[in-house]
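A short worksheet on the structure shown next.
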Amino acid sequence: MTPTTPRTTALRTAALLAAAVLALTACGSGTPPGTAGAAGPAAAGDRLPTTDVVSGIRKDPAAAALLPADVRARGSLSLATAVGTPPGAAYRADGKTLAGQDIDIADAVGKVLGLRIHREVASFEAILPALGSGTYDLGTGNFGVTDERRRTLDFVTYINDGQGFAVRKDSPLKKVGSLRQLCGLTVATGAGTTFEATLEENRHRCTAAGKKPYDVRTYAEQGALWISLQQGRTDVVMSTVNGLRYAVRQQPDLRFLNEFRRLDVGFAFKKGTPLAPAVRAAVNRLKEDGAYDRILKKWGTGRSALKTSRISPPEIR
């Protein structure tokens with residue numbers, strides 16, 4: 001709803017540089033710049049859908065009545081957004097305008113609650129600590145709801161995503177049903193994510209099976225992650241199911257393997273926040289009037305729809 005602030009300039013520049021490098025890599029493999037072989041925050045920006053699914057949403061007095069008095073008086077929410085690749089959140093081709101499922105859902109929630117959204121871009125790994133210190137009211141970044149995170153944070157769910165894998169088309173991997181199938185390989189994933197935690201917690205299974213452990217390489221920039229896979233410096237990517245499906249549609253030399261596990265994804269808040277009931281009511285209102293389904297249809301993530309939003313539900317096992 002509101003533009004990003006000057007504090008995000010350096011982060012935006014880094015994202016654009018990573019995207020530019022990725023576009024050049026695609027050219028090196030025989031794909032012209034600006035075609036489906038390019039991916040990343042800016043390279044894919046000119047292909048992001050532009051359907052307006054938010055402006056017609058109206059304020060819901062019942063949901064707004066659940067807001068804390070100080071937030072109603074302020075009339076706004078401070079939101080930290082992690083920018084990566086579609087369908088979550090990415091820059092359009094101008095390198096300034098944010099678009100994605102997370103953007104539309106957050107803006108739609110603001111509409112339902114009658115609040116302005118003051119959005120700032122922050123790195124994925126920086127948002128959760130910043131919420132705990134009160135720097136922001138809430139955050140988005142495809143934050144999976146885990147029992148570990150629920151100890152220190154609150155969540156309001158808005159989609160069901162999960163963990164999955166993607167590889168180059170020439171990879172011998174067909175499906176990953178056990179992390180032991182990754183033994184001896186190099187796995188790329190996002191820094192500070194549930195994927196990194198899952199991989200690190202299970203690395204010992206290779207040793208226990210008498211095999212060489214897999215090597216985990218983490219990346220703060222999604223562009224660099226995909227470059228590593230395309231150039232053969234890593235063998236497999238572990239990331240979000242929806243993000244992987246989108247990425248392989250844009251890069252014909254890659255393929256999606258399979259879902260590994262599912263996780264509810266939600267807005268993240270400081271533990272004990274009084275905002276959660278109002279935001280949950282707003283998400284459920286969007287479901288009731290059809291706006292939620294229109295947003296997911298726009299971004300091709302309808303199979304990840306939730307039946308109802310919940311506050312900090314137990315981790316899906």
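Letters A, B, ... go to the chains of the structure tokens in the order shown; residues in each chain start at 1; ligands are counted from 1 in the same order.
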
If you count only C-alpha atoms, which residues fall within 12 Å of Ser239 (chain A), apart from same-chain ones fewer than 5 positions away, as a ChimeraX atom specification?
/A:84-85,142-144,161-167,187-199,218-219,222,225-226,244-247,256-263

Can you write out the residues you just picked, keeping N, CA and C atoms, as a CSV table (one decimal), in the first residue's frame?
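Saved the output as part05.csv:
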chain,number,residue,atom,x,y,z
A,84,GLY,N,12.1,-12.1,-1.8
A,84,GLY,CA,12.9,-13.1,-2.5
A,84,GLY,C,12.4,-13.3,-3.9
A,85,THR,N,11.7,-14.4,-4.1
A,85,THR,CA,11.2,-14.7,-5.5
A,85,THR,C,9.7,-14.9,-5.4
A,142,ASN,N,7.1,-15.9,4.2
A,142,ASN,CA,6.8,-17.3,4.2
A,142,ASN,C,7.3,-18.0,5.4
A,143,PHE,N,7.0,-17.4,6.6
A,143,PHE,CA,7.4,-18.0,7.9
A,143,PHE,C,6.6,-19.2,8.2
A,144,GLY,N,7.2,-20.3,8.2
A,144,GLY,CA,6.5,-21.6,8.6
A,144,GLY,C,6.3,-21.6,10.1
A,161,ASP,N,2.0,-24.0,3.0
A,161,ASP,CA,3.1,-24.2,2.0
A,161,ASP,C,3.8,-25.4,2.4
A,162,GLY,N,5.1,-25.3,2.5
A,162,GLY,CA,5.9,-26.5,3.0
A,162,GLY,C,7.3,-26.5,2.4
A,163,GLN,N,7.9,-27.7,2.6
A,163,GLN,CA,9.3,-27.9,2.1
A,163,GLN,C,9.3,-28.8,0.9
A,164,GLY,N,10.2,-28.5,0.0
A,164,GLY,CA,10.3,-29.3,-1.2
A,164,GLY,C,11.7,-29.2,-1.8
A,165,PHE,N,11.9,-29.9,-3.0
A,165,PHE,CA,13.2,-29.9,-3.6
A,165,PHE,C,13.1,-29.6,-5.1
A,166,ALA,N,14.1,-29.1,-5.6
A,166,ALA,CA,14.2,-28.9,-7.1
A,166,ALA,C,15.7,-29.2,-7.5
A,167,VAL,N,15.8,-29.6,-8.7
A,167,VAL,CA,17.2,-30.0,-9.3
A,167,VAL,C,17.3,-29.5,-10.7
A,187,VAL,N,23.6,-29.3,-0.9
A,187,VAL,CA,22.2,-28.8,-0.9
A,187,VAL,C,22.2,-27.3,-0.6
A,188,ALA,N,21.5,-26.6,-1.5
A,188,ALA,CA,21.4,-25.1,-1.4
A,188,ALA,C,20.1,-24.8,-0.7
A,189,THR,N,20.1,-23.8,0.2
A,189,THR,CA,18.9,-23.4,0.8
A,189,THR,C,19.0,-22.0,1.4
A,190,GLY,N,17.9,-21.4,1.8
A,190,GLY,CA,18.0,-20.0,2.4
A,190,GLY,C,18.5,-20.0,3.8
A,191,ALA,N,19.3,-18.9,4.0
A,191,ALA,CA,19.9,-18.7,5.4
A,191,ALA,C,18.8,-18.4,6.4
A,192,GLY,N,18.9,-19.0,7.6
A,192,GLY,CA,18.0,-18.7,8.7
A,192,GLY,C,16.6,-19.3,8.5
A,193,THR,N,16.4,-20.3,7.6
A,193,THR,CA,15.1,-20.8,7.3
A,193,THR,C,14.8,-22.1,8.0
A,194,THR,N,13.6,-22.6,8.0
A,194,THR,CA,13.3,-23.9,8.5
A,194,THR,C,14.0,-25.0,7.7
A,195,PHE,N,14.3,-24.7,6.4
A,195,PHE,CA,14.9,-25.7,5.6
A,195,PHE,C,16.4,-25.9,6.1
A,196,GLU,N,17.0,-24.8,6.4
A,196,GLU,CA,18.4,-25.0,7.0
A,196,GLU,C,18.4,-25.7,8.3
A,197,ALA,N,17.4,-25.4,9.1
A,197,ALA,CA,17.3,-26.1,10.4
A,197,ALA,C,17.0,-27.6,10.2
A,198,THR,N,16.1,-27.9,9.3
A,198,THR,CA,15.8,-29.3,9.1
A,198,THR,C,17.0,-30.1,8.6
A,199,LEU,N,17.8,-29.5,7.6
A,199,LEU,CA,18.9,-30.1,7.1
A,199,LEU,C,20.0,-30.3,8.2
A,218,THR,N,24.1,-22.2,2.5
A,218,THR,CA,23.0,-21.2,2.7
A,218,THR,C,23.3,-19.9,1.9
A,219,TYR,N,22.2,-19.3,1.5
A,219,TYR,CA,22.3,-18.1,0.7
A,219,TYR,C,21.2,-17.1,1.2
A,222,GLN,N,18.1,-15.1,-3.0
A,222,GLN,CA,17.6,-16.2,-3.8
A,222,GLN,C,18.2,-16.3,-5.2
A,225,LEU,N,21.3,-18.4,-4.9
A,225,LEU,CA,20.9,-19.8,-4.7
A,225,LEU,C,20.7,-20.5,-6.0
A,226,TRP,N,19.9,-19.8,-6.9
A,226,TRP,CA,19.6,-20.5,-8.2
A,226,TRP,C,20.8,-20.5,-9.1
A,244,LEU,N,9.4,-23.1,-5.3
A,244,LEU,CA,10.0,-24.0,-6.2
A,244,LEU,C,9.2,-24.2,-7.5
A,245,ARG,N,7.9,-24.4,-7.3
A,245,ARG,CA,7.1,-24.6,-8.5
A,245,ARG,C,7.1,-23.4,-9.4
A,246,TYR,N,7.1,-22.2,-8.8
A,246,TYR,CA,7.2,-21.0,-9.6
A,246,TYR,C,8.5,-20.9,-10.3
A,247,ALA,N,9.6,-21.2,-9.6
A,247,ALA,CA,10.9,-21.0,-10.2
A,247,ALA,C,11.2,-21.9,-11.3
A,256,PHE,N,11.0,-29.5,-10.6
A,256,PHE,CA,10.5,-29.7,-9.3
A,256,PHE,C,10.5,-31.2,-9.0
A,257,LEU,N,11.0,-31.6,-7.8
A,257,LEU,CA,11.0,-33.0,-7.5
A,257,LEU,C,9.7,-33.4,-6.8
A,258,ASN,N,9.6,-32.9,-5.5
A,258,ASN,CA,8.4,-33.3,-4.8
A,258,ASN,C,8.3,-32.5,-3.5
A,259,GLU,N,7.1,-32.6,-2.9
A,259,GLU,CA,6.9,-32.0,-1.6
A,259,GLU,C,7.6,-33.0,-0.6
A,260,PHE,N,8.2,-32.4,0.5
A,260,PHE,CA,8.8,-33.2,1.5
A,260,PHE,C,7.9,-33.2,2.8
A,261,ARG,N,7.5,-32.0,3.1
A,261,ARG,CA,6.5,-31.9,4.3
A,261,ARG,C,5.8,-30.6,4.1
A,262,ARG,N,4.6,-30.5,4.8
A,262,ARG,CA,3.8,-29.3,4.8
A,262,ARG,C,4.0,-28.5,6.0
A,263,LEU,N,3.8,-27.2,5.9
A,263,LEU,CA,3.8,-26.3,7.1
A,263,LEU,C,2.8,-25.2,6.9

Would you compute the distance between CA of Leu98 (chain A) and CA of Leu138 (chain A)? Give it in Å to one decimal.
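Computing it gives 17.3 Å between the two atoms.
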
Atomic distance CA of Asp235 (chain A) - CA of Thr146 (chain A), expressed in Å with one decimal
26.7 Å

Quick one: DSSP strand (DSSP E) residues in region 7-245 of chain A, as a ChimeraX atom specification?
/A:76-81,90-91,98-99,116-121,138-140,153-168,186-190,215-219,236-240

Using DSSP assignments from the backbone, pull out every residue in region 108-164 of chain A that falls under alpha helix (DSSP H) and give it to me as a compact mmCIF listing (two decimals) with N, CA and C atoms, in the first residue's frame.
# COMPACT_ATOMS: atom_id res chain seq x y z
N ALA A 108 -4.50 -6.59 1.73
CA ALA A 108 -5.92 -6.90 1.88
C ALA A 108 -6.33 -6.90 3.35
N VAL A 109 -5.48 -7.43 4.21
CA VAL A 109 -5.75 -7.41 5.66
C VAL A 109 -5.83 -5.96 6.15
N GLY A 110 -4.93 -5.11 5.66
CA GLY A 110 -4.98 -3.70 6.02
C GLY A 110 -6.30 -3.06 5.62
N LYS A 111 -6.79 -3.41 4.43
CA LYS A 111 -8.07 -2.88 3.96
C LYS A 111 -9.21 -3.31 4.88
N VAL A 112 -9.25 -4.59 5.24
CA VAL A 112 -10.31 -5.10 6.09
C VAL A 112 -10.31 -4.41 7.45
N LEU A 113 -9.11 -4.13 7.96
CA LEU A 113 -9.00 -3.52 9.29
C LEU A 113 -9.04 -2.00 9.24
N PHE A 124 15.29 -11.94 5.57
CA PHE A 124 14.51 -13.00 6.22
C PHE A 124 15.00 -13.26 7.63
N GLU A 125 16.32 -13.43 7.76
CA GLU A 125 16.87 -13.82 9.07
C GLU A 125 16.84 -12.70 10.09
N ALA A 126 16.60 -11.45 9.65
CA ALA A 126 16.57 -10.32 10.58
C ALA A 126 15.18 -10.02 11.12
N ILE A 127 14.14 -10.48 10.42
CA ILE A 127 12.78 -10.07 10.78
C ILE A 127 12.32 -10.63 12.12
N LEU A 128 12.49 -11.91 12.34
CA LEU A 128 11.96 -12.52 13.57
C LEU A 128 12.58 -11.91 14.83
N PRO A 129 13.90 -11.72 14.90
CA PRO A 129 14.45 -11.03 16.07
C PRO A 129 13.92 -9.61 16.22
N ALA A 130 13.72 -8.91 15.10
CA ALA A 130 13.22 -7.53 15.15
C ALA A 130 11.80 -7.48 15.69
N LEU A 131 11.01 -8.50 15.40
CA LEU A 131 9.65 -8.56 15.96
C LEU A 131 9.70 -8.71 17.47
N GLY A 132 10.60 -9.56 17.94
CA GLY A 132 10.73 -9.76 19.37
C GLY A 132 11.13 -8.51 20.12
N ASP A 147 6.96 -25.47 16.12
CA ASP A 147 6.87 -25.44 17.59
C ASP A 147 8.02 -24.64 18.19
N GLU A 148 9.19 -24.71 17.57
CA GLU A 148 10.33 -23.95 18.06
C GLU A 148 10.06 -22.45 17.98
N ARG A 149 9.54 -22.00 16.88
CA ARG A 149 9.24 -20.58 16.72
C ARG A 149 8.10 -20.13 17.63
N ARG A 150 7.14 -21.01 17.86
CA ARG A 150 5.99 -20.64 18.69
C ARG A 150 6.38 -20.36 20.15

Near region 227-232 of chain A, within 7 Å and counting only C-alpha atoms, which residues show up once chain neighbours fewer than 3 positions away are dropped, as a PyMOL selection string?
chain A and resi 22+168+223-224+235-236

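If you measure from each of A:Glu315, A:Leu115, A:Val121, A:Tyr136 to Thr97 (chain A) using only C-alpha atoms, the closest one turns out to be A:Val121.
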
With only C-alpha atoms as the atoms that count, which of A:Val248, A:Leu296, A:Val216, A:Val53 lies nearest to Leu185 (chain A)?
A:Val216

Residues of region 46-165 of chain A that approach region 275-279 of chain A to 6 Å or less, counting only C-alpha atoms: could you list each one with the shortest pair of atoms and its distance in Å to one decimal, rows by chain and increasing residue number, as a tab-separated table?
residue	atom	partner	partner_atom	distance
A:Ala63	CA	A:Ala278	CA	5.5
A:Leu66	CA	A:Ala278	CA	4.9
A:Leu67	CA	A:Ala278	CA	5.5

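Relative to CA of Ile295 (chain A), CA of Thr51 (chain A) is found at 9.1 Å.
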
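With only C-alpha atoms as the atoms that count, the minimum distance from Asp107 (chain A) to the choices A:Val265, A:Ala64, A:Ala282, A:Ile159 is reached by A:Ala282.
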
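Nearest residue to Lys270 (chain A) among A:Arg72, A:His204, A:Arg151, A:Arg180 is A:Arg151, counting only C-alpha atoms.
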
Counting only C-alpha atoms, which of A:Ile57, A:Leu77, A:Val71, A:Ile105 gets nearest to Lys298 (chain A)?
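The closest residue to Lys298 (chain A) is A:Ile105.
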